[in-house]
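One file, upload.cif, is given below (mmCIF, C-alpha atoms).
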data_query
loop_
_atom_site.label_atom_id
_atom_site.label_comp_id
_atom_site.auth_asym_id
_atom_site.auth_seq_id
_atom_site.Cartn_x
_atom_site.Cartn_y
_atom_site.Cartn_z
CA MET A 1 0.00 0.00 0.00
CA GLY A 2 1.16 3.50 -0.79
CA ALA A 3 -0.28 5.68 1.95
CA ARG A 4 2.16 7.48 4.21
CA ILE A 5 2.73 5.64 7.50
CA LEU A 6 2.75 7.42 10.84
CA GLU A 7 3.94 5.82 14.06
CA VAL A 8 2.04 6.52 17.26
CA ALA A 9 2.12 5.02 20.75
CA ASP A 10 -1.39 3.54 20.66
CA GLY A 11 -4.98 4.14 19.63
CA THR A 12 -5.34 7.00 22.09
CA GLU A 13 -2.40 8.85 20.59
CA ALA A 14 -3.70 8.10 17.10
CA ASN A 15 -6.91 9.90 18.06
CA GLU A 16 -4.97 12.86 19.43
CA VAL A 17 -2.77 13.13 16.34
CA PHE A 18 -5.67 12.79 13.90
CA ALA A 19 -7.78 15.35 15.77
CA ARG A 20 -4.83 17.77 15.85
CA HIS A 21 -4.43 17.52 12.08
CA GLY A 22 -8.15 18.09 11.50
CA TRP A 23 -8.58 14.59 10.07
CA THR A 24 -11.70 13.74 12.11
CA ASP A 25 -15.26 14.94 12.46
CA GLY A 26 -14.98 15.49 16.20
CA LEU A 27 -15.82 11.93 17.17
CA PRO A 28 -13.23 9.32 18.16
CA ILE A 29 -11.84 7.20 15.32
CA VAL A 30 -10.65 3.64 14.97
CA ALA A 31 -6.91 3.76 14.25
CA PRO A 32 -6.43 2.91 10.56
CA THR A 33 -3.61 0.40 10.91
CA PRO A 34 -2.24 -1.22 7.74
CA GLU A 35 -3.74 -4.55 8.87
CA ARG A 36 -7.24 -3.15 9.30
CA VAL A 37 -7.09 -1.28 6.00
CA ALA A 38 -5.81 -4.37 4.17
CA ALA A 39 -8.65 -6.44 5.64
CA ALA A 40 -11.15 -3.82 4.47
CA LEU A 41 -9.73 -3.80 0.93
CA ASP A 42 -9.70 -7.62 0.84
CA ALA A 43 -13.33 -7.81 1.93
CA ALA A 44 -14.35 -5.32 -0.77
CA LEU A 45 -12.19 -7.13 -3.39
CA LEU A 46 -10.40 -3.87 -4.14
CA GLU A 47 -6.77 -3.27 -5.06
CA PRO A 48 -5.45 -0.35 -2.99
CA GLU A 49 -4.46 1.72 -6.03
CA ARG A 50 -7.80 1.26 -7.78
CA ILE A 51 -9.30 4.65 -8.61
CA LEU A 52 -12.93 4.60 -7.50
CA GLY A 53 -13.62 7.92 -9.11
CA VAL A 54 -12.26 11.31 -10.07
CA GLU A 55 -13.88 14.38 -8.56
CA PRO A 56 -14.91 16.15 -11.77
CA VAL A 57 -14.13 19.80 -10.95
CA ARG A 58 -10.66 19.60 -9.43
CA GLY A 59 -9.72 16.29 -11.03
CA LEU A 60 -8.92 14.65 -7.69
CA ALA A 61 -8.50 10.89 -8.04
CA ILE A 62 -9.96 8.95 -5.13
CA THR A 63 -8.26 5.62 -4.52
CA ALA A 64 -9.70 2.54 -2.83
CA GLU A 65 -6.91 2.60 -0.26
CA LYS A 66 -7.72 6.13 0.93
CA VAL A 67 -11.43 5.35 1.04
CA ALA A 68 -10.73 2.22 3.06
CA ILE A 69 -8.56 4.18 5.52
CA ASN A 70 -11.39 6.64 6.12
CA ALA A 71 -13.96 3.85 6.38
CA VAL A 72 -11.88 2.08 9.04
CA MET A 73 -11.58 5.38 10.92
CA ALA A 74 -15.38 5.79 10.78
CA GLY A 75 -15.89 2.41 12.43
CA CYS A 76 -16.79 0.36 9.37
CA ARG A 77 -16.25 -3.38 9.51
CA PRO A 78 -14.33 -4.81 6.53
CA ALA A 79 -17.55 -6.03 4.89
CA ASP A 80 -19.11 -2.54 5.08
CA VAL A 81 -16.42 -0.99 2.88
CA ALA A 82 -17.95 -2.25 -0.37
CA VAL A 83 -20.96 0.01 0.27
CA VAL A 84 -18.74 3.01 0.97
CA ALA A 85 -16.70 2.34 -2.19
CA ALA A 86 -19.83 2.09 -4.35
CA ALA A 87 -21.18 5.32 -2.86
CA VAL A 88 -17.91 7.10 -3.73
CA GLU A 89 -18.16 5.79 -7.31
CA ALA A 90 -21.70 7.15 -7.57
CA MET A 91 -20.76 10.52 -6.09
CA CYS A 92 -17.97 10.95 -8.66
CA GLU A 93 -20.47 10.71 -11.53
CA PRO A 94 -20.86 14.25 -12.96
CA ALA A 95 -24.65 14.14 -12.46
CA TYR A 96 -24.19 13.99 -8.67
CA LEU A 97 -22.36 17.38 -8.67
CA LEU A 98 -19.88 16.41 -5.96
CA HIS A 99 -17.81 19.58 -5.70
CA GLY A 100 -20.78 21.93 -5.75
CA SER A 101 -22.76 19.92 -3.23
CA ALA A 102 -19.80 19.68 -0.87
CA ALA A 103 -18.93 23.38 -1.07
CA SER A 104 -22.33 25.09 -1.39
CA THR A 105 -23.89 27.41 1.17
CA GLY A 106 -27.00 25.21 0.70
CA GLY A 107 -25.44 22.69 3.08
CA SER A 108 -26.40 19.32 1.63
CA ALA A 109 -25.59 15.82 2.82
CA PRO A 110 -25.06 12.70 0.73
CA LEU A 111 -28.06 10.48 1.42
CA LEU A 112 -27.36 6.78 0.77
CA VAL A 113 -30.19 4.34 0.11
CA VAL A 114 -28.99 0.71 0.08
CA ASN A 115 -30.88 -2.05 -1.73
CA GLY A 116 -30.34 -5.73 -2.36
CA PRO A 117 -28.99 -8.74 -0.46
CA ILE A 118 -26.09 -6.83 1.09
CA ARG A 119 -28.59 -5.17 3.47
CA THR A 120 -29.27 -8.46 5.25
CA GLU A 121 -25.66 -9.68 4.93
CA LEU A 122 -24.45 -6.57 6.76
CA GLY A 123 -27.47 -6.29 9.08
CA LEU A 124 -28.29 -2.79 7.84
CA HIS A 125 -31.03 -0.99 9.71
CA ALA A 126 -34.30 -0.23 7.90
CA THR A 127 -37.14 -0.18 10.42
CA ASP A 128 -37.71 1.76 13.68
CA ASN A 129 -35.79 5.04 13.82
CA ALA A 130 -34.76 4.53 10.18
CA LEU A 131 -33.66 8.16 9.74
CA GLY A 132 -32.25 8.45 13.25
CA GLY A 133 -29.36 6.06 12.91
CA GLY A 134 -28.88 2.45 13.83
CA GLY A 135 -26.73 -0.57 13.03
CA PRO A 136 -23.80 -0.39 10.63
CA ASN A 137 -25.57 2.38 8.66
CA VAL A 138 -24.06 4.98 10.98
CA ALA A 139 -20.43 4.07 10.31
CA ILE A 140 -21.07 3.76 6.56
CA GLY A 141 -22.60 7.23 6.39
CA ARG A 142 -19.84 8.64 8.57
CA ALA A 143 -17.21 7.16 6.26
CA LEU A 144 -18.53 9.40 3.45
CA ARG A 145 -18.20 12.42 5.72
CA LEU A 146 -14.56 11.54 6.43
CA VAL A 147 -13.90 10.91 2.72
CA LEU A 148 -15.25 14.38 1.93
CA LEU A 149 -13.17 15.90 4.73
CA ASN A 150 -9.87 14.15 4.11
CA LEU A 151 -9.87 13.49 0.37
CA LEU A 152 -11.72 16.56 -0.90
CA GLY A 153 -10.81 19.05 1.81
CA CYS A 154 -14.39 19.65 2.94
CA GLU A 155 -13.46 21.33 6.18
CA PRO A 156 -16.19 23.72 7.35
CA GLY A 157 -15.22 27.28 6.46
CA VAL A 158 -12.47 26.12 4.08
CA LEU A 159 -14.16 24.27 1.22
CA ASP A 160 -17.43 23.41 2.97
CA HIS A 161 -19.28 26.73 3.09
CA SER A 162 -22.62 25.29 4.28
CA THR A 163 -24.40 28.18 5.95
CA LEU A 164 -26.20 25.79 8.29
CA GLY A 165 -25.69 22.25 7.05
CA HIS A 166 -27.90 19.65 8.69
CA PRO A 167 -27.56 16.60 10.94
CA GLY A 168 -27.57 14.26 7.93
CA LYS A 169 -24.05 15.48 7.18
CA ILE A 170 -22.81 13.53 10.21
CA SER A 171 -24.15 10.29 8.71
CA PHE A 172 -27.10 9.64 6.40
CA CYS A 173 -27.38 6.02 5.31
CA LEU A 174 -30.75 4.37 4.86
CA ALA A 175 -31.58 0.79 3.85
CA GLU A 176 -34.90 -0.09 2.24
CA ASP A 177 -37.11 -2.49 4.19
CA GLU A 178 -37.53 -4.79 1.21
CA GLU A 179 -38.70 -7.83 3.19
CA ASP A 180 -41.64 -5.99 4.70
CA SER A 181 -42.63 -4.01 1.62
CA PRO A 182 -45.11 -5.01 -1.09
CA TRP A 183 -43.37 -2.71 -3.55
CA LEU A 184 -40.49 -2.96 -5.98
CA PRO A 185 -37.23 -1.85 -4.30
CA LEU A 186 -35.83 1.52 -5.34
CA ALA A 187 -32.76 0.07 -7.08
CA GLN A 188 -34.91 -2.22 -9.23
CA GLU A 189 -37.12 0.70 -10.16
CA ARG A 190 -33.93 2.41 -11.31
CA GLY A 191 -32.91 -0.51 -13.52
CA VAL A 192 -30.76 -2.66 -11.25
CA PRO A 193 -31.50 -6.39 -11.70
CA ALA A 194 -33.17 -8.21 -8.81
CA GLY A 195 -30.63 -9.87 -6.53
CA VAL A 196 -27.93 -7.26 -7.22
CA SER A 197 -26.99 -4.92 -4.38
CA ALA A 198 -26.83 -1.22 -5.14
CA VAL A 199 -26.60 2.15 -3.45
CA THR A 200 -28.41 5.29 -4.59
CA VAL A 201 -26.84 8.58 -3.56
CA LEU A 202 -28.36 12.06 -3.63
CA ALA A 203 -27.13 15.42 -2.32
CA CYS A 204 -30.10 16.41 -0.23
CA ALA A 205 -31.56 18.87 2.22
CA PRO A 206 -32.76 17.71 5.66
CA PRO A 207 -35.80 15.42 5.93
CA ARG A 208 -39.23 16.92 6.54
CA GLN A 209 -41.53 14.66 8.58
CA VAL A 210 -45.27 14.56 7.94
CA MET A 211 -48.12 12.73 9.67
CA ASN A 212 -51.57 11.70 8.52
CA GLU A 213 -53.45 9.21 10.68
CA TRP A 214 -56.91 10.38 9.67
CA THR A 215 -57.50 8.70 6.35
CA ALA A 216 -57.15 5.44 4.44
CA ASP A 217 -57.66 7.19 1.12
CA PRO A 218 -54.48 6.89 -0.99
CA GLU A 219 -55.15 10.21 -2.70
CA GLU A 220 -55.44 11.99 0.65
CA ILE A 221 -52.26 10.32 1.91
CA CYS A 222 -50.42 11.43 -1.21
CA GLU A 223 -51.84 14.93 -0.78
CA THR A 224 -50.01 15.14 2.55
CA PHE A 225 -46.76 14.20 0.79
CA ALA A 226 -47.40 16.68 -2.03
CA ALA A 227 -48.32 19.50 0.36
CA GLU A 228 -45.01 19.08 2.18
CA ILE A 229 -43.16 19.20 -1.12
CA ARG A 230 -45.06 22.37 -2.07
CA ALA A 231 -44.03 23.88 1.26
CA ASN A 232 -40.41 23.04 0.45
CA GLN A 233 -40.77 24.64 -2.97
CA CYS A 234 -41.99 27.89 -1.43
CA GLY A 235 -39.82 27.92 1.68
CA TYR A 236 -36.57 26.50 0.29
CA SER A 237 -36.23 25.97 -3.45
CA ILE A 238 -38.60 26.16 -6.37
CA TRP A 239 -36.51 24.05 -8.72
CA PRO A 240 -37.71 20.59 -9.72
CA GLY A 241 -35.48 17.62 -8.94
CA ASN A 242 -35.19 14.22 -7.26
CA TYR A 243 -37.29 14.21 -4.13
CA VAL A 244 -37.02 11.19 -1.82
CA LEU A 245 -40.18 9.96 -0.11
CA VAL A 246 -39.68 7.58 2.83
CA VAL A 247 -42.86 5.67 3.64
CA PRO A 248 -43.01 3.60 6.85
CA ARG A 249 -45.21 0.58 7.40
CA GLN A 250 -48.52 2.13 8.53
CA LEU A 251 -49.04 4.37 5.51
CA ARG A 252 -47.46 1.72 3.28
CA ASP A 253 -50.11 -0.78 4.37
CA LEU A 254 -52.93 1.67 3.64
CA LEU A 255 -51.55 2.52 0.20
CA ALA A 256 -50.96 -1.16 -0.59
CA ALA A 257 -54.46 -2.10 0.61
CA ALA A 258 -55.83 0.35 -1.94
CA GLY A 259 -53.77 -1.42 -4.59
CA TRP A 260 -51.28 1.41 -5.01
CA GLN A 261 -47.76 0.61 -6.18
CA LYS A 262 -44.84 3.02 -6.05
CA ALA A 263 -45.64 4.03 -9.63
CA ASP A 264 -49.14 5.14 -8.57
CA ILE A 265 -47.71 7.20 -5.70
CA ARG A 266 -45.12 8.79 -7.97
CA HIS A 267 -47.74 9.73 -10.53
CA ARG A 268 -50.14 11.22 -7.98
CA VAL A 269 -47.45 13.23 -6.21
CA TRP A 270 -46.10 14.43 -9.58
CA GLU A 271 -49.59 15.71 -10.44
CA ARG A 272 -50.12 17.46 -7.10
CA ALA A 273 -46.66 18.76 -6.09
CA ARG A 274 -46.58 22.01 -8.01
CA VAL A 275 -46.93 25.64 -7.01
CA ARG A 276 -47.76 28.87 -8.78
CA ARG A 277 -45.63 31.97 -8.75
CA ARG A 278 -48.16 33.87 -6.67
CA ASP A 279 -47.83 31.28 -3.85
CA TRP A 280 -44.51 32.83 -2.90
CA GLU A 281 -46.25 35.93 -1.55
CA ALA A 282 -47.59 34.01 1.48
CA TRP A 283 -43.99 32.99 2.25
CA GLY A 284 -42.65 36.52 2.50
CA LYS A 285 -41.16 36.41 -0.99
CA ARG A 286 -43.22 39.11 -2.64
CA ALA A 287 -40.29 40.18 -4.78
CA LEU A 288 -40.22 36.75 -6.45
CA ALA A 289 -44.01 36.53 -6.71
CA GLY A 290 -44.07 39.79 -8.63
CA ARG A 291 -41.30 38.88 -11.05
CA GLY A 292 -43.54 37.17 -13.63
CA GLU A 293 -46.95 35.83 -14.48
CA PRO A 294 -48.75 35.05 -11.16
CA ASP A 295 -50.21 31.81 -12.51
CA GLN A 296 -46.90 30.50 -13.82
CA GLU A 297 -46.68 26.88 -12.65
CA PHE A 298 -43.58 25.25 -11.12
CA PRO A 299 -43.72 21.46 -10.79
CA ALA A 300 -41.57 19.86 -8.08
CA LEU A 301 -40.98 16.82 -10.27
CA GLU A 302 -40.20 17.08 -13.98
CA SER A 303 -41.57 13.56 -14.36
CA PRO A 304 -43.10 10.99 -11.95
CA ASP A 305 -39.81 9.08 -12.13
CA ASP A 306 -38.04 11.92 -10.31
CA LEU A 307 -39.70 10.85 -7.06
CA LEU A 308 -37.66 8.17 -5.27
CA VAL A 309 -40.03 6.18 -3.05
CA VAL A 310 -38.35 4.19 -0.28
CA ALA A 311 -40.04 1.76 2.11
CA ALA A 312 -38.42 2.20 5.53
CA GLY A 313 -39.31 3.00 9.13
CA GLY A 314 -41.08 1.46 12.08
CA ALA A 315 -44.46 -0.27 11.98
CA ALA A 316 -46.44 2.16 14.15
CA GLY A 317 -47.40 5.73 13.29
CA GLY A 318 -48.83 7.47 10.24
CA PHE A 319 -45.58 9.21 9.50
CA ALA A 320 -43.54 9.70 6.36
CA ALA A 321 -40.63 11.89 5.35
CA VAL A 322 -39.94 14.04 2.34
CA ILE A 323 -36.24 14.53 1.67
CA PRO A 324 -35.78 17.37 -0.82
CA PRO A 325 -32.95 17.76 -3.30
CA TRP A 326 -30.21 20.27 -2.51
CA LEU A 327 -30.13 21.95 -5.94
CA GLY A 328 -33.11 20.72 -7.92
CA ASN A 329 -32.36 18.91 -11.15
CA ARG A 330 -28.81 20.22 -11.36
CA ALA A 331 -27.69 17.53 -8.90
CA ARG A 332 -29.23 14.15 -9.59
CA ALA A 333 -29.57 10.88 -7.71
CA VAL A 334 -27.02 8.32 -8.94
CA THR A 335 -27.23 4.56 -8.43
CA ALA A 336 -24.14 2.34 -8.39
CA GLY A 337 -23.85 -1.41 -8.04
CA ILE A 338 -22.13 -2.71 -4.91
CA GLY A 339 -19.26 -5.01 -5.86
CA VAL A 340 -20.45 -5.01 -9.44
CA CYS A 341 -20.23 -2.53 -12.31
CA LEU A 342 -23.73 -1.97 -13.66
CA ALA A 343 -22.51 -0.35 -16.87
CA CYS A 344 -19.81 -2.94 -17.64
CA GLY A 345 -19.93 -6.22 -19.50
CA PRO A 346 -19.64 -9.42 -17.41
CA GLU A 347 -15.88 -9.66 -18.03
CA GLU A 348 -15.34 -6.26 -16.38
CA GLU A 349 -17.00 -7.09 -13.08
CA ARG A 350 -14.72 -6.70 -10.14
CA MET B 244 6.01 -0.37 21.32
CA THR B 245 4.30 1.76 18.72
CA ILE B 246 1.56 1.13 16.20
CA LYS B 247 1.52 2.14 12.58
CA VAL B 248 -1.41 4.12 11.17
CA LEU B 249 -2.06 5.31 7.63
CA ASP B 250 -2.48 8.92 6.47
CA PRO B 251 -6.17 9.42 5.55
CA THR B 252 -5.65 12.49 3.37
CA ALA B 253 -5.12 12.92 -0.36
CA GLU B 254 -1.55 12.37 -1.47
CA GLY B 255 0.00 12.25 -4.91
CA PRO B 256 -0.64 14.45 -7.95
CA ALA B 257 -3.32 16.64 -6.39
CA ALA B 258 -1.18 17.36 -3.35
CA ALA B 259 1.76 18.14 -5.63
CA ALA B 260 -0.14 20.79 -7.62
CA ARG B 261 1.41 24.25 -7.45
CA PRO B 262 -0.18 27.64 -8.04
CA ALA B 263 0.87 29.37 -11.27
CA ALA B 264 3.53 32.07 -11.03
CA PRO B 265 2.00 35.51 -10.47
CA LEU B 266 1.96 37.94 -13.40
CA ALA B 267 4.90 40.38 -13.31
CA THR B 268 2.56 43.23 -14.25
CA LEU B 269 -1.07 43.80 -15.17
CA GLN B 270 -0.04 46.60 -17.57
CA GLY B 271 -1.08 45.53 -21.06
CA ALA B 272 -2.34 42.14 -19.92
CA THR B 273 -5.60 40.48 -20.91
CA ILE B 274 -7.55 39.36 -17.85
CA GLY B 275 -10.45 36.95 -17.80
CA ILE B 276 -13.22 37.32 -15.25
CA LEU B 277 -15.37 34.26 -14.62
CA ASP B 278 -18.60 35.21 -12.88
CA ASN B 279 -20.29 32.32 -11.05
CA GLY B 280 -23.72 33.50 -12.15
CA LYS B 281 -25.22 34.35 -8.79
CA ILE B 282 -27.30 37.44 -8.14
CA ARG B 283 -25.37 40.74 -8.44
CA VAL B 284 -22.00 39.07 -9.00
CA ASP B 285 -22.05 40.79 -12.41
CA ARG B 286 -22.20 44.20 -10.71
CA PHE B 287 -19.29 43.27 -8.47
CA CYS B 288 -17.34 42.17 -11.53
CA ASP B 289 -18.17 45.47 -13.25
CA PHE B 290 -16.31 47.27 -10.47
CA VAL B 291 -13.39 44.87 -10.70
CA GLU B 292 -13.18 45.44 -14.44
CA GLU B 293 -13.35 49.20 -14.00
CA ILE B 294 -10.50 49.14 -11.47
CA LEU B 295 -8.39 46.81 -13.60
CA ARG B 296 -8.74 49.10 -16.60
CA ALA B 297 -8.46 52.47 -14.84
CA GLU B 298 -5.81 51.76 -12.20
CA TYR B 299 -3.80 48.83 -13.54
CA GLY B 300 -3.80 49.48 -17.29
CA VAL B 301 -4.98 46.09 -18.43
CA ALA B 302 -5.31 45.94 -22.21
CA GLY B 303 -8.41 43.77 -22.30
CA VAL B 304 -10.94 42.04 -20.11
CA VAL B 305 -12.75 38.86 -21.14
CA ARG B 306 -16.00 38.48 -19.20
CA ARG B 307 -17.67 35.09 -18.98
CA ARG B 308 -20.56 33.93 -16.82
CA LYS B 309 -21.46 30.43 -15.59
CA ARG B 310 -25.06 29.28 -15.77
CA ASN B 311 -24.66 26.98 -12.78
CA ALA B 312 -22.52 28.23 -9.90
CA SER B 313 -21.99 24.71 -8.58
CA ALA B 314 -20.84 23.07 -11.81
CA PRO B 315 -17.58 23.46 -13.74
CA ALA B 316 -17.44 26.08 -16.48
CA PRO B 317 -18.19 24.55 -19.90
CA ALA B 318 -15.35 23.81 -22.32
CA ASP B 319 -15.96 26.84 -24.59
CA VAL B 320 -15.80 29.20 -21.60
CA MET B 321 -12.62 27.54 -20.36
CA ALA B 322 -11.07 27.85 -23.83
CA ASP B 323 -11.79 31.60 -23.89
CA LEU B 324 -10.27 32.02 -20.42
CA LEU B 325 -7.21 29.94 -21.23
CA ALA B 326 -6.31 32.49 -23.90
CA CYS B 327 -5.99 35.19 -21.21
CA ASP B 328 -2.83 36.13 -19.32
CA GLY B 329 -4.63 35.74 -16.01
CA VAL B 330 -8.10 34.87 -14.76
CA ILE B 331 -10.17 35.98 -11.81
CA SER B 332 -12.65 33.30 -10.78
CA ALA B 333 -15.31 35.23 -8.91
CA VAL B 334 -17.20 33.25 -6.28
CA GLY B 335 -19.97 35.65 -5.40
CA ASP B 336 -22.96 34.80 -3.25
#
Transcribe the structure of this file into structure tokens.
Amino acid sequence: MGARILEVADGTEANEVFARHGWTDGLPIVAPTPERVAAALDAALLEPERILGVEPVRGLAITAEKVAINAVMAGCRPADVAVVAAAVEAMCEPAYLLHGSAASTGGSAPLLVVNGPIRTELGLHATDNALGGGGPNVAIGRALRLVLLNLLGCEPGVLDHSTLGHPGKISFCLAEDEEDSPWLPLAQERGVPAGVSAVTVLACAPPRQVMNEWTADPEEICETFAAEIRANQCGYSIWPGNYVLVVPRQLRDLLAAAGWQKADIRHRVWERARVRRRDWEAWGKRALAGRGEPDQEFPALESPDDLLVVAAGGAAGGFAAVIPPWLGNRARAVTAGIGVCLACGPEEER
Amino acid sequence: MTIKVLDPTAEGPAAAARPAAPLATLQGATIGILDNGKIRVDRFCDFVEEILRAEYGVAGVVRRRKRNASAPAPADVMADLLACDGVISAVGD
């Protein structure tokens, strides 16, 4: 392996040295010893010098070895590193807009949604407290934060100019509850074959929780989702893009009982999640409301497919969450295979 | 007894990059100004251009504007700026 080696007395000193250099997020780290990093690379079937991606703006090559070092620091087990590596590959696709999302005052976080058999192999968390952290998800999400910090220089106030940021920046890794869902998993909806593990990554704003326990009507339930998206359009950003909708069990059961699939939800929300220019006035943005035709319509989703519906969360409670995009359709959700190249021929699989 | 740990930061070509040498003089130079496209950055750049011309004697100013502040400038814009002696990349917000 090619990374520079430092010698320290023990794990405690490693923590002190790394914190002093600004190589951590403020939490303790697991010392990235050569043995631990080698085990992580072995488990992910990655050569250390393999370039997982090149950050498109500054041309920074991100190697598997450096990603594995940061994943070990974050507390990932060797088997978790394949998810982190796939997420890095996805984030380096130009459509994700890595540099802009990491530097912007908008303060986005990379949201990871994991699908496929690797969820159960790793014991990823997908039910109660799905957005609040649990299981190996936390270390996997944190690994991305450390990758951004140490490999792209995303230190707050240096490259990361998030005005506020949000708690998802600490760690934001979700797994879909495929076993308990009647719907097609997100990755399969996005073209990944069944049985293949994949991660979908989106630069996103913080989640907005909604509740509706007063109806079994699928149109009414979707109206609650759409109304929250409209509020985000007026309060945060008008631009259409990939919205994520996380639907826990209670509302999922009601929608499924009415025969609604994800495609039906996407279509209904696409129809209803749109605002008119004049709506801005009620949000204290009279200057924008008066800038054009008052009835000019702004859809939140350019097409129904722009809504990413994810089954996750605990069984009780009529809750759901809308997770808005950071910069509308200028930064898109990207899906990458885990341990497999979706765009390659069979001979190129790693 | 000590333990070995690995450096988590970027090493290699990116770390070895060096800033370009500063221009010896702005007198007679052609300066590019890349505006990131945010609100009123163009006005700020107007002032910069005025000062460059009036006080530093630049021969020409090439103004270009990005449509998306968060994305790289497109190839044609970069080609225009590469022809300049120096470039100011204006990150306004």
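Residue nearest Val301 in chain B within the list B:Ala326, B:Val320, B:Ala263, B:Ala272: B:Ala272 [criterion: smallest interatomic distance, all atoms listed in the file].
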To one decimal place, how far is CA of Ala103 in chain A from CA of Leu146 in chain A in Å?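 Rounded to one decimal, the two atoms are 14.7 Å apart.
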Within 7 Å of range 300-303 of chain A using only C-alpha atoms, minus same-chain residues under 5 positions, as number ranges by chain: A: 239-241, 270, 273-274
I'd like the residues picked by the PyMOL selection byres ((chain B and resi 281) around 12) written out as a VMD selection string, using the chain letters and numbers from the file. chain B and resid 277 to 280 282 to 288 308 to 313 333 to 336
Restrict the distance test to all atoms listed in the file, flag each residue of chain A within 6 Å of chain B, and return the flagged residues as a list in words.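 Every residue of chain A that passes the 6 Å test is in Ala3, Arg4, Ile5, Leu6, Glu7, Val8, Ala9, Asp10, Pro32, Thr33, Val57, Lys66, Ile69, Asn70, Gly100, Asn150 and Leu151 of chain A.
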Expand the PyMOL selection byres ((chain A and resi 280-287) around 12) into the explicit residue set it covers here, and present it as a compact mmCIF listing (two decimals) with C-alpha atoms, keeping the file's coordinate frame.
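Just written: expr.txt:
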# COMPACT_ATOMS: atom_id res chain seq x y z
CA ARG A 230 -45.06 22.37 -2.07
CA ALA A 231 -44.03 23.88 1.26
CA ASN A 232 -40.41 23.04 0.45
CA GLN A 233 -40.77 24.64 -2.97
CA CYS A 234 -41.99 27.89 -1.43
CA GLY A 235 -39.82 27.92 1.68
CA TYR A 236 -36.57 26.50 0.29
CA SER A 237 -36.23 25.97 -3.45
CA ILE A 238 -38.60 26.16 -6.37
CA VAL A 275 -46.93 25.64 -7.01
CA ARG A 276 -47.76 28.87 -8.78
CA ARG A 277 -45.63 31.97 -8.75
CA ARG A 278 -48.16 33.87 -6.67
CA ASP A 279 -47.83 31.28 -3.85
CA LEU A 288 -40.22 36.75 -6.45
CA ALA A 289 -44.01 36.53 -6.71
CA GLY A 290 -44.07 39.79 -8.63
CA ARG A 291 -41.30 38.88 -11.05
CA GLY A 292 -43.54 37.17 -13.63
CA PRO A 294 -48.75 35.05 -11.16
CA ASP A 295 -50.21 31.81 -12.51
CA GLN A 296 -46.90 30.50 -13.82
CA GLU A 297 -46.68 26.88 -12.65
CA PHE A 298 -43.58 25.25 -11.12
Find the spatial neighbours of Gln270 in chain B, counting all atoms listed in the file, within a cut-off of 10 Å - ignore same-chain residues fewer than 6 positions away - and output them as a PyMOL selection string. chain B and resi 295-296+298-302
Dump N, CA and C atoms of range 281-292 of chain B from the given block, as a short mmCIF file (atom, residue, chain, number, x, y, z; two decimals), in the first residue's frame.
data_model
loop_
_atom_site.label_atom_id
_atom_site.label_comp_id
_atom_site.auth_asym_id
_atom_site.auth_seq_id
_atom_site.Cartn_x
_atom_site.Cartn_y
_atom_site.Cartn_z
N LYS B 281 -24.26 34.06 -9.85
CA LYS B 281 -25.22 34.35 -8.79
C LYS B 281 -25.66 35.82 -8.85
N ILE B 282 -26.69 36.11 -8.07
CA ILE B 282 -27.30 37.44 -8.14
C ILE B 282 -26.29 38.53 -7.77
N ARG B 283 -26.19 39.52 -8.63
CA ARG B 283 -25.37 40.74 -8.44
C ARG B 283 -23.86 40.50 -8.49
N VAL B 284 -23.44 39.28 -8.81
CA VAL B 284 -22.00 39.07 -9.00
C VAL B 284 -21.54 39.88 -10.22
N ASP B 285 -22.43 40.02 -11.22
CA ASP B 285 -22.05 40.79 -12.41
C ASP B 285 -21.73 42.23 -12.05
N ARG B 286 -22.48 42.80 -11.11
CA ARG B 286 -22.20 44.20 -10.71
C ARG B 286 -20.85 44.29 -10.00
N PHE B 287 -20.58 43.30 -9.15
CA PHE B 287 -19.29 43.27 -8.47
C PHE B 287 -18.16 43.19 -9.50
N CYS B 288 -18.37 42.34 -10.51
CA CYS B 288 -17.34 42.17 -11.53
C CYS B 288 -17.18 43.43 -12.38
N ASP B 289 -18.27 44.19 -12.54
CA ASP B 289 -18.17 45.47 -13.25
C ASP B 289 -17.16 46.38 -12.56
N PHE B 290 -17.24 46.43 -11.23
CA PHE B 290 -16.31 47.27 -10.47
C PHE B 290 -14.88 46.77 -10.61
N VAL B 291 -14.74 45.45 -10.56
CA VAL B 291 -13.39 44.87 -10.70
C VAL B 291 -12.82 45.24 -12.06
N GLU B 292 -13.65 45.12 -13.10
CA GLU B 292 -13.18 45.44 -14.44
C GLU B 292 -12.78 46.92 -14.54
#
